[in-house]
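This is model.txt (compact mmCIF, N, CA and C atoms).
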```
# COMPACT_ATOMS: atom_id res chain seq x y z
N PHE T 161 -57.51 -29.71 -8.73
CA PHE T 161 -57.65 -31.12 -8.46
C PHE T 161 -56.30 -31.76 -8.70
N ASP T 162 -55.77 -32.48 -7.71
CA ASP T 162 -54.47 -33.15 -7.80
C ASP T 162 -54.70 -34.63 -8.08
N THR T 163 -54.16 -35.12 -9.19
CA THR T 163 -54.34 -36.52 -9.54
C THR T 163 -53.46 -37.44 -8.70
N GLY T 164 -52.40 -36.90 -8.12
CA GLY T 164 -51.48 -37.72 -7.34
C GLY T 164 -50.42 -38.40 -8.20
N THR T 165 -50.47 -38.19 -9.52
CA THR T 165 -49.47 -38.79 -10.41
C THR T 165 -48.92 -37.72 -11.34
N PRO T 166 -47.64 -37.37 -11.19
CA PRO T 166 -47.03 -36.40 -12.11
C PRO T 166 -46.73 -37.05 -13.46
N LEU T 167 -46.28 -36.25 -14.39
CA LEU T 167 -45.87 -36.68 -15.73
C LEU T 167 -47.01 -37.36 -16.51
N ILE T 168 -48.15 -36.69 -16.57
CA ILE T 168 -49.29 -37.21 -17.31
C ILE T 168 -49.03 -37.03 -18.80
N ARG T 169 -49.18 -38.11 -19.56
CA ARG T 169 -48.94 -38.07 -21.01
C ARG T 169 -50.16 -37.65 -21.79
N GLY T 170 -51.33 -38.09 -21.36
CA GLY T 170 -52.54 -37.75 -22.10
C GLY T 170 -53.79 -38.06 -21.30
N VAL T 171 -54.83 -37.28 -21.54
CA VAL T 171 -56.12 -37.48 -20.87
C VAL T 171 -57.15 -37.84 -21.94
N SER T 172 -57.88 -38.92 -21.73
CA SER T 172 -58.90 -39.30 -22.71
C SER T 172 -60.30 -38.89 -22.27
N LYS T 173 -60.55 -38.80 -20.95
CA LYS T 173 -61.88 -38.43 -20.49
C LYS T 173 -61.81 -37.88 -19.07
N VAL T 174 -62.62 -36.83 -18.81
CA VAL T 174 -62.76 -36.26 -17.47
C VAL T 174 -64.25 -36.22 -17.14
N LEU T 175 -64.62 -36.84 -16.03
CA LEU T 175 -66.01 -36.86 -15.58
C LEU T 175 -66.11 -36.17 -14.23
N VAL T 176 -67.08 -35.27 -14.08
CA VAL T 176 -67.35 -34.62 -12.80
C VAL T 176 -68.82 -34.87 -12.49
N GLY T 177 -69.07 -35.60 -11.40
CA GLY T 177 -70.44 -35.94 -11.04
C GLY T 177 -71.13 -36.77 -12.11
N GLY T 178 -70.37 -37.60 -12.83
CA GLY T 178 -70.92 -38.47 -13.86
C GLY T 178 -71.10 -37.81 -15.23
N GLN T 179 -70.82 -36.52 -15.35
CA GLN T 179 -70.96 -35.80 -16.62
C GLN T 179 -69.58 -35.49 -17.20
N GLU T 180 -69.41 -35.72 -18.50
CA GLU T 180 -68.13 -35.43 -19.13
C GLU T 180 -67.89 -33.92 -19.19
N VAL T 181 -66.65 -33.52 -18.87
CA VAL T 181 -66.26 -32.11 -18.82
C VAL T 181 -65.10 -31.90 -19.79
N THR T 182 -65.15 -30.79 -20.55
CA THR T 182 -64.05 -30.45 -21.46
C THR T 182 -63.40 -29.13 -21.11
N ASP T 183 -63.99 -28.38 -20.20
CA ASP T 183 -63.46 -27.06 -19.80
C ASP T 183 -62.52 -27.22 -18.61
N TYR T 184 -61.26 -27.59 -18.91
CA TYR T 184 -60.25 -27.76 -17.86
C TYR T 184 -58.87 -27.49 -18.44
N ALA T 185 -57.93 -27.19 -17.55
CA ALA T 185 -56.53 -27.00 -17.94
C ALA T 185 -55.70 -28.03 -17.18
N LEU T 186 -54.78 -28.67 -17.87
CA LEU T 186 -53.97 -29.72 -17.29
C LEU T 186 -52.52 -29.26 -17.15
N ASN T 187 -51.94 -29.42 -15.97
CA ASN T 187 -50.51 -29.25 -15.78
C ASN T 187 -49.96 -30.67 -15.76
N ASN T 188 -49.48 -31.14 -16.92
CA ASN T 188 -49.07 -32.54 -17.02
C ASN T 188 -47.79 -32.86 -16.27
N VAL T 189 -46.98 -31.87 -15.92
CA VAL T 189 -45.76 -32.13 -15.15
C VAL T 189 -46.10 -32.40 -13.69
N LYS T 190 -46.94 -31.56 -13.10
CA LYS T 190 -47.33 -31.73 -11.70
C LYS T 190 -48.48 -32.70 -11.51
N GLY T 191 -49.28 -32.92 -12.54
CA GLY T 191 -50.42 -33.82 -12.43
C GLY T 191 -51.63 -33.15 -11.80
N THR T 192 -51.82 -31.87 -12.07
CA THR T 192 -52.97 -31.15 -11.51
C THR T 192 -53.89 -30.68 -12.62
N VAL T 193 -55.18 -30.59 -12.29
CA VAL T 193 -56.20 -30.14 -13.23
C VAL T 193 -56.91 -28.95 -12.62
N THR T 194 -57.08 -27.89 -13.42
CA THR T 194 -57.84 -26.71 -13.00
C THR T 194 -59.09 -26.64 -13.86
N PHE T 195 -60.24 -26.69 -13.22
CA PHE T 195 -61.51 -26.67 -13.94
C PHE T 195 -61.93 -25.24 -14.23
N GLY T 196 -62.61 -25.03 -15.37
CA GLY T 196 -63.14 -23.72 -15.73
C GLY T 196 -64.19 -23.25 -14.74
N ALA T 197 -65.02 -24.17 -14.28
CA ALA T 197 -66.02 -23.89 -13.24
C ALA T 197 -65.81 -24.90 -12.13
N ALA T 198 -65.83 -24.41 -10.89
CA ALA T 198 -65.59 -25.29 -9.75
C ALA T 198 -66.67 -26.36 -9.65
N PRO T 199 -66.28 -27.64 -9.47
CA PRO T 199 -67.27 -28.69 -9.29
C PRO T 199 -68.07 -28.47 -8.00
N ALA T 200 -69.28 -28.98 -7.98
CA ALA T 200 -70.11 -28.88 -6.78
C ALA T 200 -69.46 -29.65 -5.63
N VAL T 201 -69.77 -29.24 -4.42
CA VAL T 201 -69.24 -29.90 -3.23
C VAL T 201 -69.64 -31.38 -3.26
N ASP T 202 -68.71 -32.25 -2.92
CA ASP T 202 -68.91 -33.71 -2.88
C ASP T 202 -69.12 -34.34 -4.26
N SER T 203 -68.79 -33.63 -5.34
CA SER T 203 -68.87 -34.23 -6.68
C SER T 203 -67.71 -35.19 -6.87
N GLU T 204 -67.98 -36.32 -7.47
CA GLU T 204 -66.93 -37.29 -7.76
C GLU T 204 -66.22 -36.87 -9.05
N VAL T 205 -64.89 -36.87 -9.02
CA VAL T 205 -64.09 -36.53 -10.19
C VAL T 205 -63.37 -37.80 -10.64
N ARG T 206 -63.55 -38.16 -11.91
CA ARG T 206 -62.86 -39.33 -12.47
C ARG T 206 -62.16 -38.91 -13.75
N MET T 207 -60.95 -39.47 -13.95
CA MET T 207 -60.17 -39.17 -15.15
C MET T 207 -59.60 -40.46 -15.72
N ASP T 208 -59.65 -40.57 -17.03
CA ASP T 208 -58.93 -41.63 -17.73
C ASP T 208 -57.69 -40.99 -18.33
N TYR T 209 -56.51 -41.41 -17.87
CA TYR T 209 -55.28 -40.79 -18.35
C TYR T 209 -54.13 -41.78 -18.31
N SER T 210 -53.08 -41.48 -19.04
CA SER T 210 -51.84 -42.26 -19.00
C SER T 210 -50.74 -41.36 -18.47
N TYR T 211 -49.74 -41.98 -17.83
CA TYR T 211 -48.66 -41.19 -17.25
C TYR T 211 -47.36 -41.98 -17.27
N GLU T 212 -46.27 -41.27 -17.09
CA GLU T 212 -44.95 -41.89 -17.02
C GLU T 212 -44.45 -41.79 -15.59
N ARG T 213 -43.54 -42.67 -15.22
CA ARG T 213 -43.08 -42.69 -13.84
C ARG T 213 -41.63 -43.15 -13.77
N GLY T 214 -40.86 -42.56 -12.87
CA GLY T 214 -39.47 -42.96 -12.69
C GLY T 214 -39.36 -44.08 -11.66
N HIS T 215 -38.56 -45.09 -11.94
CA HIS T 215 -38.38 -46.22 -11.02
C HIS T 215 -36.90 -46.56 -10.90
N ALA T 216 -36.55 -47.16 -9.79
CA ALA T 216 -35.21 -47.71 -9.63
C ALA T 216 -35.13 -49.00 -10.43
N ILE T 217 -34.03 -49.24 -11.12
CA ILE T 217 -33.82 -50.46 -11.90
C ILE T 217 -32.52 -51.07 -11.41
N GLY T 218 -32.61 -52.20 -10.76
CA GLY T 218 -31.41 -52.84 -10.22
C GLY T 218 -30.68 -51.88 -9.29
N ASN T 219 -29.40 -51.60 -9.58
CA ASN T 219 -28.65 -50.67 -8.74
C ASN T 219 -28.65 -49.25 -9.31
N ILE T 220 -29.45 -48.99 -10.35
CA ILE T 220 -29.59 -47.63 -10.89
C ILE T 220 -30.71 -46.95 -10.11
N ARG T 221 -30.36 -45.93 -9.34
CA ARG T 221 -31.36 -45.25 -8.51
C ARG T 221 -32.34 -44.45 -9.35
N GLN T 222 -33.53 -44.26 -8.78
CA GLN T 222 -34.54 -43.47 -9.44
C GLN T 222 -34.01 -42.06 -9.68
N TRP T 223 -34.23 -41.52 -10.90
CA TRP T 223 -33.83 -40.18 -11.32
C TRP T 223 -32.32 -39.96 -11.21
N SER T 224 -31.53 -41.04 -11.34
CA SER T 224 -30.07 -40.89 -11.30
C SER T 224 -29.59 -40.29 -12.63
N GLY T 225 -28.30 -40.00 -12.69
CA GLY T 225 -27.73 -39.38 -13.87
C GLY T 225 -27.59 -40.34 -15.04
N ARG T 226 -27.71 -41.63 -14.81
CA ARG T 226 -27.60 -42.58 -15.92
C ARG T 226 -28.80 -42.44 -16.84
N ARG T 227 -28.57 -42.67 -18.11
CA ARG T 227 -29.65 -42.47 -19.09
C ARG T 227 -30.15 -43.82 -19.59
N CYS T 228 -31.08 -44.37 -18.87
CA CYS T 228 -31.75 -45.58 -19.30
C CYS T 228 -33.24 -45.34 -19.10
N PHE T 229 -33.99 -45.24 -20.17
CA PHE T 229 -35.41 -44.94 -20.08
C PHE T 229 -36.22 -46.16 -20.51
N LEU T 230 -37.19 -46.50 -19.70
CA LEU T 230 -38.09 -47.60 -20.01
C LEU T 230 -39.49 -47.06 -20.24
N ARG T 231 -40.22 -47.70 -21.10
CA ARG T 231 -41.64 -47.39 -21.26
C ARG T 231 -42.40 -48.61 -20.75
N ALA T 232 -43.36 -48.35 -19.85
CA ALA T 232 -44.14 -49.44 -19.27
C ALA T 232 -45.59 -49.32 -19.70
N SER T 233 -46.18 -50.45 -19.96
CA SER T 233 -47.61 -50.51 -20.25
C SER T 233 -48.23 -51.44 -19.22
N LEU T 234 -49.22 -50.91 -18.49
CA LEU T 234 -49.84 -51.69 -17.43
C LEU T 234 -51.35 -51.76 -17.63
N PRO T 235 -51.82 -52.54 -18.59
CA PRO T 235 -53.26 -52.65 -18.77
C PRO T 235 -53.88 -53.35 -17.57
N TYR T 236 -55.00 -52.84 -17.13
CA TYR T 236 -55.65 -53.37 -15.93
C TYR T 236 -57.05 -53.84 -16.28
N ASP T 237 -57.34 -55.07 -15.98
CA ASP T 237 -58.65 -55.66 -16.25
C ASP T 237 -59.41 -55.68 -14.93
N ALA T 238 -60.16 -54.60 -14.65
CA ALA T 238 -60.80 -54.41 -13.34
C ALA T 238 -61.68 -55.57 -12.89
N PRO T 239 -62.58 -56.10 -13.72
CA PRO T 239 -63.44 -57.16 -13.19
C PRO T 239 -62.65 -58.40 -12.75
N ASN T 240 -61.54 -58.67 -13.45
CA ASN T 240 -60.77 -59.87 -13.12
C ASN T 240 -59.56 -59.58 -12.24
N SER T 241 -59.34 -58.30 -11.91
CA SER T 241 -58.22 -57.90 -11.05
C SER T 241 -56.88 -58.41 -11.56
N VAL T 242 -56.63 -58.20 -12.85
CA VAL T 242 -55.38 -58.65 -13.46
C VAL T 242 -54.56 -57.43 -13.85
N LEU T 243 -53.28 -57.43 -13.49
CA LEU T 243 -52.38 -56.36 -13.87
C LEU T 243 -51.18 -56.98 -14.56
N THR T 244 -50.92 -56.59 -15.79
CA THR T 244 -49.82 -57.14 -16.57
C THR T 244 -48.86 -56.01 -16.91
N ALA T 245 -47.57 -56.20 -16.66
CA ALA T 245 -46.58 -55.17 -16.96
C ALA T 245 -45.76 -55.59 -18.18
N ARG T 246 -45.59 -54.64 -19.11
CA ARG T 246 -44.70 -54.84 -20.25
C ARG T 246 -43.72 -53.69 -20.24
N LEU T 247 -42.42 -54.00 -20.14
CA LEU T 247 -41.37 -52.99 -20.09
C LEU T 247 -40.55 -53.04 -21.36
N ARG T 248 -40.15 -51.86 -21.85
CA ARG T 248 -39.35 -51.77 -23.07
C ARG T 248 -38.34 -50.66 -22.90
N VAL T 249 -37.05 -50.92 -23.15
CA VAL T 249 -36.03 -49.88 -23.10
C VAL T 249 -36.18 -49.03 -24.35
N ILE T 250 -36.37 -47.70 -24.15
CA ILE T 250 -36.54 -46.83 -25.30
C ILE T 250 -35.27 -46.05 -25.63
N SER T 251 -34.35 -45.92 -24.67
CA SER T 251 -33.04 -45.34 -24.95
C SER T 251 -32.15 -45.58 -23.74
N GLN T 252 -30.86 -45.49 -23.99
CA GLN T 252 -29.89 -45.63 -22.88
C GLN T 252 -28.64 -44.86 -23.18
```
Translate this structure into structure tokens?
Amino acid sequence: FDTGTPLIRGVSKVLVGGQEVTDYALNNVKGTVTFGAAPAVDSEVRMDYSYERGHAIGNIRQWSGRRCFLRASLPYDAPNSVLTARLRVISQ
């Protein structure tokens, strides 16, 4: 199962067909999950996880050689459709 987001920091919950699953292996660099038992066809897979992402900052290109790392927190309030970004420089 490909999450579509590399650099996963942590997984808090994995649901397959509405049931919580603990038998899985995570490749946090690629963002892929391998289940111990294959989910049934057409089963919905949901994951609660956090991840890191590289972004361009001003004229500093994404994944450039410059060392400026930001940590972003993007809490999302689904019923109200609110997305708030908080950025913090963690090293440079």
Problem set entry | Met207 of chain T environment, 8 Å, only N, CA and C atoms, sequence neighbours closer than 3 positions dropped, as a VMD selection string | chain T and resid 171 to 176 204 210
Since we have the selection now, will you write its residues out, keeping N, CA and C atoms, as a short mmCIF file (atom, residue, chain, number, x, y, z; two decimals), in the coordinates of the input?
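Below is the file selection_31.cif, written as the result:
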```cif
data_model
loop_
_atom_site.label_atom_id
_atom_site.label_comp_id
_atom_site.auth_asym_id
_atom_site.auth_seq_id
_atom_site.Cartn_x
_atom_site.Cartn_y
_atom_site.Cartn_z
N VAL T 171 -54.83 -37.28 -21.54
CA VAL T 171 -56.12 -37.48 -20.87
C VAL T 171 -57.15 -37.84 -21.94
N SER T 172 -57.88 -38.92 -21.73
CA SER T 172 -58.90 -39.30 -22.71
C SER T 172 -60.30 -38.89 -22.27
N LYS T 173 -60.55 -38.80 -20.95
CA LYS T 173 -61.88 -38.43 -20.49
C LYS T 173 -61.81 -37.88 -19.07
N VAL T 174 -62.62 -36.83 -18.81
CA VAL T 174 -62.76 -36.26 -17.47
C VAL T 174 -64.25 -36.22 -17.14
N LEU T 175 -64.62 -36.84 -16.03
CA LEU T 175 -66.01 -36.86 -15.58
C LEU T 175 -66.11 -36.17 -14.23
N VAL T 176 -67.08 -35.27 -14.08
CA VAL T 176 -67.35 -34.62 -12.80
C VAL T 176 -68.82 -34.87 -12.49
N GLU T 204 -67.98 -36.32 -7.47
CA GLU T 204 -66.93 -37.29 -7.76
C GLU T 204 -66.22 -36.87 -9.05
N SER T 210 -53.08 -41.48 -19.04
CA SER T 210 -51.84 -42.26 -19.00
C SER T 210 -50.74 -41.36 -18.47
#
```
Problem set entry | Near-Val193 of chain T list (6 Å; all atoms listed in the file; drop same-chain fewer than 5 positions) as an MDAnalysis selection string | chainID T and resid 161:163 185:187
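With atom CA of Ala200 of chain T on one side and atom C of Arg169 of chain T on the other, the separation reads 26.5 Å.
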For this session: State, in Å with one decimal place, the distance from atom N of Val189 of chain T to atom CA of Val205 of chain T.
Result: 18.6 Å
For this session: For atom CA of Leu167 of chain T and atom CA of Glu180 of chain T, determine how far apart the two atoms are, in Å to one decimal place.
Result: 22.6 Å
Nearby residues (only N, CA and C atoms) at most 5 Å from Thr194 of chain T, same-chain spacing under 2 positions excluded, as a short mmCIF file (atom, residue, chain, number, x, y, z; two decimals) with N, CA and C atoms, keeping the file's coordinate frame:
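That gives us result.cif:
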```cif
data_model
loop_
_atom_site.label_atom_id
_atom_site.label_comp_id
_atom_site.auth_asym_id
_atom_site.auth_seq_id
_atom_site.Cartn_x
_atom_site.Cartn_y
_atom_site.Cartn_z
N TYR T 184 -61.26 -27.59 -18.91
CA TYR T 184 -60.25 -27.76 -17.86
C TYR T 184 -58.87 -27.49 -18.44
N ALA T 185 -57.93 -27.19 -17.55
CA ALA T 185 -56.53 -27.00 -17.94
C ALA T 185 -55.70 -28.03 -17.18
N THR T 192 -51.82 -31.87 -12.07
CA THR T 192 -52.97 -31.15 -11.51
C THR T 192 -53.89 -30.68 -12.62
N GLY T 196 -62.61 -25.03 -15.37
CA GLY T 196 -63.14 -23.72 -15.73
C GLY T 196 -64.19 -23.25 -14.74
#
```
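Distance annotation: of T:Arg213, T:Asp183, T:Phe195, T:Ser203, the residue with the minimal separation from Ile168 of chain T is T:Arg213; atom set is only N, CA and C atoms.
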